[in-house]
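Taking it in order: structure first as structure tokens, then the write-up.
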Amino acid sequence: MPSTTVQIDRLLETVIQLKASDLHITVGQPPVIRHSGRMKRLETKVLDSDDTTALMKSITPDRCQQELQEKGGSDFAIEFRDGFRFRVAVFKQRGSIGMVLRRIPSQFLTFEQLNMPDAIRSLIVRPRGLLLVTGPTGSGKTTSLASMINFLNDNYDRHIITLEDPIEYYHKHKKSTVNQREIGVDVPDFKEGIRRALRMDPDIILVGEMRDLATIHAAIEAAETGHIVFGTLHTSGAASTVNRIIDVFPKEQQDQIRTQLSTALIGVLSQALLPKKPEGVIAAYEMMVVTPAIQNLIRENKTYRINSSIQTGRKDGMFLLDESLFRLWKDGLCEKEEVLLRAANPAELAAKIAQAERGMLDEDEEEYEEDEDEDYDDEDDD
């Protein structure tokens with residue numbers, strides 16, 4: 001089967017050369033890459049069922065081929081060459097094999113390169129608490145978390161345990177000791193991984209995905225007992241993240257979880273990835289820092305008021321996603337259509353952009369809007 005192996009090598013080589021983010025392989029069309037957020041077909045042959053099966057077999061470990069047969073899909077990571085790694089999802093569709101390979105950047109990006117909110121620096125060095133990074137699939141959550149772990153590893157002596165499915169970025173031991181455990185290889189599941197980690201003298205535990213009640217509960221409890229816990233959720237926005245966590249629990253436990261979450265949670269970073277002009281991608285963020293006021297809102301089940309607290313919490317480093325999107329448009333980094341597609345309130349953002357285009361939003365007015373909000377917030381917190 002040498003010709004196929006060469007083929008997957010050539011395809012991955014193309015991905016690296018073109019700086020594409022993903023390679024899609026499915027029956028009935030040529031291989032497709034995602035470049036700067038757009039899907040583009042490669043000029044090669046249309047793949048048939050034998051091609052995709054052979055491509056899959058050339059890179060998929062036996063245990064994952066078995067999982068593919070039993071469950072219809074599997075995820076793993078591969079080392080290609082010179083530190084280039086890919087996260088691979090193999091799956092069945094219409095009875096044939098499909099694959100998506102995501103390029104894992106080989107270099108860690110700095111907070112400056114990622115344009116990371118300033119509040120993150122102070123949150124990740126707290127002695128305990130739960131910090132969540134949220135956003136849809138492919139919004140760069142893994143990259144953000146890898147850069148946080150790398151920042152800690154460069155600057156602080158900590159014991160960091162990561163639980164990942166699969167491991168994407170490899171961390172070397174620098175100032176910190178970093179033990180990375182892969183779900184299904186080193187430990188059966190996230191919940192068990194957290195339980196075991198607590199006996200391993202950790203300072204920081206990274207939970208790759210908080211998928212179910214048991215994992216979420218274990219993560220909150222680990223954060224309460226004097227550890228920093230980083231976790232990810234597929235939610236958009238801070239308020240919906242809080243609701244999502246609480247909704248996972250049965251009704252009779254929700255009040256208790258609200259109280260626990262209000263003391264354990266220290267921040268939520270939500271992100272979305274947009275095509276950047278002229279090419280590439282850039283992240284827009286929403287940052288919530290859990291202040292005493294926000295703790296009260298979580299405890300008293302008033303999550304609908306979280307957004308107005310974020311809006312007026314600029315001095316604590318907070319801002320909403322739509323503010324970040326507005327800046328990306330204003331600074332000429334993203335097209336208007338792209339920012340509106342990802343907005344939480346597209347109509348409001350469109351109105352604000354229209355005002356700015358007419359030159360009606362000068363700096364003074366923006367400042368004035370903020371001051372008004374702050375006055376409103378003081379009343380709100382009482």
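Chains: A, B, ... in order of the structure tokens. Residues: from 1 per chain. Ligands: from 1, in order shown.
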- request: Step one, run DSSP on the backbone; step two, keep only residues of range 65-119 of chain A assigned to alpha helix (DSSP H); then write them as a list in words.
  value: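 Reading the DSSP output for range 65-119 of chain A, alpha helix (DSSP H) covers Gln65, Gln66, Glu67, Leu68, Gln69, Glu70, Lys71, Phe111, Glu112, Gln113, Leu114 and Ala119 of chain A.
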- request: For Met99 in chain A, please output as a list in words all residues within 10 Å (counting only C-alpha atoms; exclusion window: fewer than 5 positions along the same chain).
  value: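 Counting only C-alpha atoms, the residues come to Leu23, His24, Ile25, Thr26, Val27, Pro31, Thr52, Thr53, Leu55, Met56, Gly73, Ser74, Asp75, Val88, Ala89, Val90, Phe91, Lys92 and Gln93 of chain A.
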message: Set the distance at 7 Å and use only C-alpha atoms: which residues neighbour range 324-327 of chain A once local chain neighbours fewer than 3 positions away are removed? I'd like the list as JSON, numbers by chain.
response: {"A": [284, 285, 320, 321, 330, 331, 339]}
query: From the list A:Glu323, A:Ala264, A:Gln355, A:Thr303, which residue is nearest Thr241 in chain A when using only C-alpha atoms?
result: A:Thr303
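You will find CA of Ile220 in chain A at 20.3 Å from CA of Gln180 in chain A.
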field: Computed interatomic separation between CA of Phe249 in chain A and CA of Arg299 in chain A (Å)
entry: 14.9 Å
